[in-house]
file model.cif (mmCIF, C-alpha atoms and all ligand atoms)
data_start
loop_
_atom_site.label_atom_id
_atom_site.label_comp_id
_atom_site.auth_asym_id
_atom_site.auth_seq_id
_atom_site.Cartn_x
_atom_site.Cartn_y
_atom_site.Cartn_z
CA MET A 1346 8.12 19.96 -10.99
CA GLN A 1347 7.17 17.97 -7.89
CA ASP A 1348 9.66 15.87 -5.96
CA PHE A 1349 8.44 12.27 -6.05
CA ARG A 1350 11.50 10.73 -4.40
CA ASN A 1351 9.37 9.49 -1.50
CA VAL A 1352 6.98 7.69 -3.85
CA LYS A 1353 7.68 4.25 -5.23
CA VAL A 1354 5.91 2.08 -7.76
CA VAL A 1355 5.80 -1.59 -6.74
CA LEU A 1356 5.07 -4.26 -9.35
CA VAL A 1357 4.16 -7.63 -7.88
CA ASN A 1358 5.25 -10.85 -9.58
CA THR A 1359 5.16 -9.43 -13.11
CA SER A 1360 5.32 -12.15 -15.77
CA HIS A 1361 6.11 -10.12 -18.91
CA PRO A 1362 9.38 -8.17 -18.78
CA GLY A 1363 7.98 -5.90 -21.52
CA ASN A 1364 5.46 -4.63 -18.98
CA ILE A 1365 8.27 -3.80 -16.55
CA GLY A 1366 10.03 -1.77 -19.24
CA ALA A 1367 6.84 0.01 -20.33
CA SER A 1368 6.00 0.79 -16.68
CA ALA A 1369 9.47 2.31 -16.18
CA ARG A 1370 8.92 4.46 -19.25
CA ALA A 1371 5.51 5.62 -18.00
CA MET A 1372 7.05 6.47 -14.62
CA LYS A 1373 9.85 8.53 -16.12
CA ASN A 1374 7.44 10.35 -18.44
CA MET A 1375 5.51 11.40 -15.35
CA GLY A 1376 8.46 12.28 -13.12
CA LEU A 1377 8.63 9.17 -10.87
CA GLU A 1378 11.89 7.31 -10.41
CA ASN A 1379 11.67 4.59 -7.74
CA LEU A 1380 10.69 1.14 -8.97
CA THR A 1381 10.53 -1.93 -6.75
CA LEU A 1382 9.90 -5.38 -8.22
CA VAL A 1383 8.52 -8.17 -6.07
CA GLU A 1384 9.64 -11.53 -7.49
CA PRO A 1385 9.53 -10.60 -11.20
CA GLU A 1386 9.45 -13.72 -13.40
CA LYS A 1387 12.26 -12.47 -15.66
CA PHE A 1388 14.51 -9.58 -14.66
CA PRO A 1389 16.92 -8.15 -15.77
CA SER A 1390 15.75 -8.60 -19.33
CA GLY A 1391 16.62 -7.25 -22.79
CA VAL A 1392 12.90 -7.03 -23.56
CA ALA A 1393 12.38 -4.75 -20.57
CA VAL A 1394 15.30 -2.56 -21.65
CA GLY A 1395 13.84 -2.30 -25.18
CA ARG A 1396 10.44 -1.24 -23.91
CA ALA A 1397 11.89 1.23 -21.39
CA ALA A 1398 13.50 3.34 -24.17
CA SER A 1399 15.07 6.32 -22.38
CA ALA A 1400 13.96 5.12 -18.96
CA VAL A 1401 16.66 2.42 -18.67
CA ASP A 1402 18.05 4.28 -15.64
CA ILE A 1403 14.85 3.39 -13.76
CA LEU A 1404 15.37 -0.31 -14.57
CA GLU A 1405 19.00 -0.09 -13.52
CA SER A 1406 18.14 1.38 -10.15
CA ALA A 1407 15.10 -0.90 -9.61
CA ILE A 1408 15.11 -2.85 -6.36
CA VAL A 1409 14.12 -6.52 -6.43
CA VAL A 1410 12.62 -8.03 -3.26
CA ASN A 1411 10.87 -11.28 -2.41
CA SER A 1412 7.66 -10.10 -0.75
CA LEU A 1413 5.25 -7.20 -0.92
CA GLU A 1414 5.52 -6.88 2.86
CA SER A 1415 9.24 -6.11 2.62
CA ALA A 1416 8.68 -3.78 -0.35
CA VAL A 1417 6.31 -1.55 1.65
CA ALA A 1418 7.70 -2.11 5.15
CA GLU A 1419 8.92 1.47 5.63
CA CYS A 1420 5.89 3.15 4.03
CA GLY A 1421 3.26 5.18 5.86
CA LEU A 1422 0.83 5.29 2.94
CA VAL A 1423 0.26 2.28 0.68
CA ILE A 1424 -2.23 2.32 -2.19
CA ALA A 1425 -3.06 -0.73 -4.32
CA ALA A 1426 -4.31 -0.41 -7.88
CA SER A 1427 -7.07 -2.94 -8.34
CA ALA A 1428 -9.61 -3.49 -11.07
CA ARG A 1429 -11.98 -5.51 -8.96
CA SER A 1430 -14.13 -4.67 -5.98
CA ARG A 1431 -13.92 -7.14 -3.10
CA ARG A 1432 -16.34 -9.10 -0.98
CA ILE A 1433 -15.55 -6.93 2.03
CA PRO A 1434 -15.19 -3.44 0.58
CA TRP A 1435 -12.00 -1.51 1.29
CA PRO A 1436 -11.57 2.29 1.33
CA MET A 1437 -11.53 3.20 -2.36
CA LEU A 1438 -10.03 6.16 -4.16
CA THR A 1439 -10.48 7.44 -7.68
CA PRO A 1440 -7.21 8.11 -9.53
CA GLU A 1441 -7.70 11.84 -8.86
CA GLN A 1442 -8.25 11.31 -5.12
CA CYS A 1443 -5.25 8.98 -5.04
CA ALA A 1444 -3.11 11.69 -6.66
CA SER A 1445 -4.15 14.47 -4.30
CA LYS A 1446 -3.69 12.24 -1.25
CA ILE A 1447 -0.17 11.40 -2.36
CA ILE A 1448 0.65 15.04 -3.12
CA SER A 1449 -0.42 16.10 0.35
CA GLU A 1450 1.35 13.24 2.19
CA LYS A 1451 4.49 12.48 0.20
CA ASP A 1452 6.69 15.01 1.98
CA THR A 1453 6.02 13.48 5.40
CA ASN A 1454 5.53 9.78 4.52
CA ARG A 1455 7.04 7.19 2.26
CA VAL A 1456 4.39 6.20 -0.24
CA ALA A 1457 3.95 3.02 -2.30
CA LEU A 1458 1.71 2.48 -5.32
CA VAL A 1459 1.22 -1.25 -5.77
CA PHE A 1460 0.26 -3.03 -9.00
CA GLY A 1461 -0.59 -6.71 -9.38
CA ARG A 1462 0.08 -9.65 -11.69
CA GLU A 1463 -1.07 -9.56 -15.29
CA ASP A 1464 -3.22 -12.68 -14.93
CA SER A 1465 -4.60 -12.51 -11.40
CA GLY A 1466 -3.91 -9.05 -9.97
CA LEU A 1467 -3.18 -8.87 -6.21
CA ASN A 1468 -4.28 -11.53 -3.73
CA ASN A 1469 -6.30 -10.75 -0.60
CA ASP A 1470 -3.32 -10.74 1.76
CA GLU A 1471 -1.52 -8.27 -0.50
CA LEU A 1472 -4.59 -6.05 -0.81
CA GLN A 1473 -5.00 -6.03 2.97
CA LEU A 1474 -1.48 -4.65 3.44
CA CYS A 1475 -2.68 -1.45 1.73
CA ASN A 1476 -4.47 1.55 3.26
CA TYR A 1477 -6.51 2.26 0.15
CA HIS A 1478 -7.39 0.75 -3.19
CA VAL A 1479 -7.52 2.84 -6.33
CA GLN A 1480 -9.68 1.80 -9.23
CA ILE A 1481 -9.42 3.28 -12.71
CA PRO A 1482 -12.94 3.75 -14.07
CA THR A 1483 -13.45 1.79 -17.29
CA ASN A 1484 -15.97 0.22 -19.60
CA GLU A 1485 -18.10 -1.92 -17.25
CA ILE A 1486 -17.77 -5.06 -19.34
CA TYR A 1487 -13.95 -4.94 -19.54
CA SER A 1488 -12.27 -3.31 -16.58
CA SER A 1489 -8.81 -4.86 -16.67
CA LEU A 1490 -6.14 -2.58 -18.18
CA ASN A 1491 -2.73 -3.74 -19.34
CA LEU A 1492 -0.38 -3.42 -16.35
CA ALA A 1493 1.82 -0.67 -17.85
CA ALA A 1494 -1.28 1.21 -19.03
CA ALA A 1495 -2.60 1.17 -15.45
CA VAL A 1496 0.77 2.43 -14.19
CA MET A 1497 0.58 5.23 -16.78
CA VAL A 1498 -2.93 6.36 -15.78
CA ILE A 1499 -2.09 6.50 -12.06
CA CYS A 1500 1.28 8.24 -12.62
CA TYR A 1501 -0.28 10.69 -15.09
CA GLU A 1502 -2.89 11.70 -12.52
CA LEU A 1503 -0.12 12.19 -9.99
CA HIS A 1504 1.88 14.33 -12.37
CA LYS A 1505 -1.21 16.36 -13.28
CA ALA A 1506 -2.11 16.90 -9.62
CA GLY A 1507 1.46 18.08 -9.04
CA LEU A 1508 1.07 20.67 -11.77
CA ASN A 1509 -2.41 21.60 -10.72
CA LYS A 1510 -2.64 24.85 -8.83
CA ALA A 1511 -5.30 23.62 -6.45
CA ALA A 1512 -3.12 20.70 -5.45
CA LEU A 1513 -0.17 23.03 -4.89
CA THR A 1514 -2.33 25.18 -2.64
CA ALA A 1515 -3.39 22.08 -0.74
CA LEU A 1516 0.30 21.29 -0.39
CA ASP A 1517 0.93 24.67 1.21
CA GLN A 1518 -1.82 23.97 3.70
CA LYS A 1519 -0.47 20.49 4.43
CA GLU A 1520 -2.33 18.87 7.25
CA PHE A 1521 -0.46 19.43 10.50
CA TRP A 1522 0.02 16.38 12.67
CA ASP A 1523 2.34 16.09 15.67
CA GLN A 1524 3.37 12.46 15.08
CA GLU A 1525 4.61 10.47 12.14
CA LYS A 1526 2.30 7.80 10.77
CA ALA A 1527 3.17 4.24 11.77
CA THR A 1528 4.88 2.27 9.02
CA VAL A 1529 3.58 -0.99 7.55
CA LYS A 1530 6.25 -2.91 9.48
CA GLN A 1531 5.13 -1.41 12.80
CA VAL A 1532 1.44 -1.94 12.05
CA GLU A 1533 2.08 -5.54 10.98
CA SER A 1534 3.80 -6.37 14.28
CA PHE A 1535 0.93 -4.69 16.13
CA TYR A 1536 -1.55 -7.00 14.29
CA GLU A 1537 0.50 -10.01 15.34
CA HIS A 1538 0.53 -8.82 18.95
CA LEU A 1539 -3.20 -8.06 18.91
CA GLU A 1540 -4.03 -11.45 17.39
CA ARG A 1541 -1.95 -13.20 20.05
CA VAL A 1542 -3.81 -11.39 22.84
CA LEU A 1543 -7.23 -11.93 21.25
CA ILE A 1544 -6.48 -15.67 21.15
CA MET A 1545 -5.20 -15.56 24.75
CA ILE A 1546 -8.40 -13.98 26.05
CA GLY A 1547 -10.56 -16.37 24.02
CA PHE A 1548 -12.03 -13.69 21.75
CA HIS A 1549 -10.44 -15.04 18.58
CA ASP A 1550 -10.43 -18.67 17.48
CA PRO A 1551 -7.77 -19.28 14.82
CA GLU A 1552 -9.62 -22.51 13.88
CA ASN A 1553 -12.68 -20.41 13.07
CA PRO A 1554 -11.27 -16.97 12.24
CA ARG A 1555 -14.30 -15.64 10.34
CA GLN A 1556 -13.22 -12.26 8.99
CA LEU A 1557 -11.99 -10.87 12.31
CA MET A 1558 -8.38 -10.00 11.46
CA HIS A 1559 -9.43 -8.85 7.99
CA ARG A 1560 -11.89 -6.39 9.54
CA ILE A 1561 -9.37 -5.25 12.13
CA ARG A 1562 -6.83 -4.57 9.37
CA ARG A 1563 -9.42 -2.57 7.49
CA LEU A 1564 -10.25 -0.56 10.61
CA PHE A 1565 -6.65 0.38 11.36
CA GLY A 1566 -5.81 0.84 7.68
CA ARG A 1567 -8.60 3.40 7.50
CA ILE A 1568 -7.52 5.25 10.62
CA ARG A 1569 -3.86 5.56 9.54
CA ILE A 1570 -2.63 5.25 13.10
CA ASP A 1571 0.42 7.30 14.18
CA MET A 1572 3.48 6.04 16.06
CA MET A 1573 2.43 7.40 19.45
CA GLU A 1574 -1.04 5.83 19.20
CA LEU A 1575 0.53 2.55 18.14
CA ASN A 1576 2.84 2.58 21.16
CA ILE A 1577 -0.13 3.18 23.47
CA LEU A 1578 -1.99 0.20 22.02
CA ARG A 1579 1.11 -2.00 22.20
CA GLY A 1580 1.51 -0.97 25.85
CA ILE A 1581 -2.11 -1.90 26.62
CA LEU A 1582 -1.67 -5.31 24.96
CA THR A 1583 1.53 -5.97 26.89
CA ASN A 1584 -0.23 -5.19 30.17
CA VAL A 1585 -3.12 -7.50 29.28
CA GLU A 1586 -0.62 -10.28 28.57
CA LYS A 1587 1.17 -9.61 31.86
CA LYS A 1588 -2.05 -9.69 33.91
CA ILE A 1589 -3.07 -12.99 32.36
CA GLU A 1590 0.36 -14.48 32.91
CA ASP A 1591 0.38 -13.24 36.55
CA LYS A 1592 -3.00 -14.92 37.13
CA GLN A 1593 -1.73 -18.17 35.70
CA ASP A 1594 1.24 -18.22 38.10
N1 LIG B 1601 -7.03 -9.91 -14.30
C1 LIG B 1601 -6.51 -9.16 -13.22
C2 LIG B 1601 -6.09 -7.79 -13.68
C3 LIG B 1601 -4.67 -7.71 -13.80
S1 LIG B 1601 -4.13 -6.28 -14.65
C4 LIG B 1601 -7.54 -8.99 -12.14
O1 LIG B 1601 -8.69 -9.31 -12.39
O2 LIG B 1601 -7.25 -8.53 -11.04
C5 LIG B 1601 -2.62 -6.00 -13.77
C6 LIG B 1601 -2.67 -4.91 -12.74
O3 LIG B 1601 -2.96 -3.65 -13.37
C7 LIG B 1601 -3.74 -5.06 -11.67
O4 LIG B 1601 -3.34 -5.92 -10.63
C8 LIG B 1601 -3.86 -3.62 -11.18
O5 LIG B 1601 -2.80 -3.31 -10.29
C9 LIG B 1601 -3.70 -2.84 -12.49
N2 LIG B 1601 -5.02 -2.53 -13.10
C10 LIG B 1601 -5.53 -3.03 -14.24
N3 LIG B 1601 -6.74 -2.51 -14.47
C11 LIG B 1601 -7.01 -1.64 -13.48
C12 LIG B 1601 -8.10 -0.79 -13.14
N4 LIG B 1601 -9.19 -0.70 -13.90
N5 LIG B 1601 -7.99 -0.04 -12.02
C13 LIG B 1601 -6.90 -0.11 -11.22
N6 LIG B 1601 -5.85 -0.90 -11.48
C14 LIG B 1601 -5.89 -1.66 -12.59
#

call {"tool": "encode", "arguments": {"input": "model.cif", "output": "structure tokens", "more": "lines below"}}
Ligand code: SAH
result
Amino acid sequence: MQDFRNVKVVLVNTSHPGNIGASARAMKNMGLENLTLVEPEKFPSGVAVGRAASAVDILESAIVVNSLESAVAECGLVIAASARSRRIPWPMLTPEQCASKIISEKDTNRVALVFGREDSGLNNDELQLCNYHVQIPTNEIYSSLNLAAAVMVICYELHKAGLNKAALTALDQKEFWDQEKATVKQVESFYEHLERVLIMIGFHDPENPRQLMHRIRRLFGRIRIDMMELNILRGILTNVEKKIEDKQD
């Protein structure tokens, strides 16, 4: 059995407590235990407990937070489950690719699997916090699964990949890297710093932002920058700021 303690399921703004309970049950069936709820409409709830059956322990230890950003702040790999493809495409994974990525990274990174609202899924800001999107292939004319069913499919693939010999071999040959990946919190403050400097040098106009910051987020999300690289870029930005300030004096 794999150790999924570094992997959490995050449910954003869930409206039906029954879906929270059914998601907890799916998680426990597949060996996951960490559930984070971002602003659930009704929690704790007897309906959730009923639907969780023997997974009530997961509801009891669930963490409730008020933003997706705080839910994933300490994570180095964040994957959003999304039924829809977006105007600007984002790096996409199949459920199988998502599972093998998590298996090979979970021992060195905290990982979050993010699921959206029943009625409207995840908004663009939330999707852009994530390194990858995972889409469950479906009937083309009806692609939206029930929330807990989507949690089940993704967690099942993860469980299966954990059992799968090939995945275990991949685990043995875990990619070696000398630095830890930057966390969401660190990358978010880098984006703020970068945006400030881009405005300062007149490259970015917040009145007419186009898709600049969106594309920059996608670029860095794809690269999965490590802490050392992030510190180098922060240092460069700080020096640019200093030079400009010196000139203004
Ligand atoms: N109507 C919403 C779908 C909400 S379903 C929309 O169009 O976005 C609730 C959540 O379940 C979604 O936010 C997503 O996290 C997950 N989900 C549902 N169907 C999925 C699919 N085919 N692939 C990946 N995730 C899916």

call {"tool": "residues_near_ligand", "arguments": {"input": "model.cif", "ligand": "ligand LIG 1601 (chain B)", "cutoff": "7 Å", "atoms": "all atoms listed in the file", "output": "VMD selection string"}}
result
chain A and resid 1425 to 1429 1459 to 1467 1479 to 1483 1488 to 1492 1495

call {"tool": "residues_around", "arguments": {"input": "model.cif", "residues": "range 1371-1380 of chain A", "least_positions_apart": "5", "cutoff": "10 Å", "atoms": "only C-alpha atoms", "output": "CSV table (one decimal) with C-alpha atoms, keeping the file's coordinate frame"}}
result
chain,number,residue,atom,x,y,z
A,1346,MET,CA,8.1,20.0,-11.0
A,1347,GLN,CA,7.2,18.0,-7.9
A,1348,ASP,CA,9.7,15.9,-6.0
A,1349,PHE,CA,8.4,12.3,-6.0
A,1350,ARG,CA,11.5,10.7,-4.4
A,1351,ASN,CA,9.4,9.5,-1.5
A,1352,VAL,CA,7.0,7.7,-3.8
A,1353,LYS,CA,7.7,4.2,-5.2
A,1354,VAL,CA,5.9,2.1,-7.8
A,1355,VAL,CA,5.8,-1.6,-6.7
A,1356,LEU,CA,5.1,-4.3,-9.4
A,1365,ILE,CA,8.3,-3.8,-16.6
A,1366,GLY,CA,10.0,-1.8,-19.2
A,1397,ALA,CA,11.9,1.2,-21.4
A,1399,SER,CA,15.1,6.3,-22.4
A,1400,ALA,CA,14.0,5.1,-19.0
A,1401,VAL,CA,16.7,2.4,-18.7
A,1402,ASP,CA,18.0,4.3,-15.6
A,1403,ILE,CA,14.8,3.4,-13.8
A,1404,LEU,CA,15.4,-0.3,-14.6
A,1405,GLU,CA,19.0,-0.1,-13.5
A,1406,SER,CA,18.1,1.4,-10.2
A,1407,ALA,CA,15.1,-0.9,-9.6
A,1408,ILE,CA,15.1,-2.8,-6.4
A,1409,VAL,CA,14.1,-6.5,-6.4
A,1457,ALA,CA,4.0,3.0,-2.3
A,1458,LEU,CA,1.7,2.5,-5.3
A,1493,ALA,CA,1.8,-0.7,-17.8
A,1494,ALA,CA,-1.3,1.2,-19.0
A,1495,ALA,CA,-2.6,1.2,-15.4
A,1496,VAL,CA,0.8,2.4,-14.2
A,1497,MET,CA,0.6,5.2,-16.8
A,1498,VAL,CA,-2.9,6.4,-15.8
A,1499,ILE,CA,-2.1,6.5,-12.1
A,1500,CYS,CA,1.3,8.2,-12.6
A,1501,TYR,CA,-0.3,10.7,-15.1
A,1502,GLU,CA,-2.9,11.7,-12.5
A,1503,LEU,CA,-0.1,12.2,-10.0
A,1504,HIS,CA,1.9,14.3,-12.4
A,1505,LYS,CA,-1.2,16.4,-13.3
A,1507,GLY,CA,1.5,18.1,-9.0

call {"tool": "atom_distance", "arguments": {"input": "model.cif", "atom1": "CA of Tyr1536 in chain A", "atom2": "CA of Pro1551 in chain A"}}
result
13.8 Å

call {"tool": "closest_residue", "arguments": {"input": "model.cif", "among": "A:Pro1554, A:Pro1440, A:Pro1434, A:Gly1421", "to": "Ile1570 in chain A", "atoms": "all atoms listed in the file"}}
result
A:Gly1421

call {"tool": "residues_around", "arguments": {"input": "model.cif", "residues": "Met1545 in chain A", "least_positions_apart": "3", "cutoff": "12 Å", "atoms": "only C-alpha atoms", "output": "number ranges by chain"}}
result
A: 1538-1542, 1548-1551, 1582-1583, 1585-1590, 1593
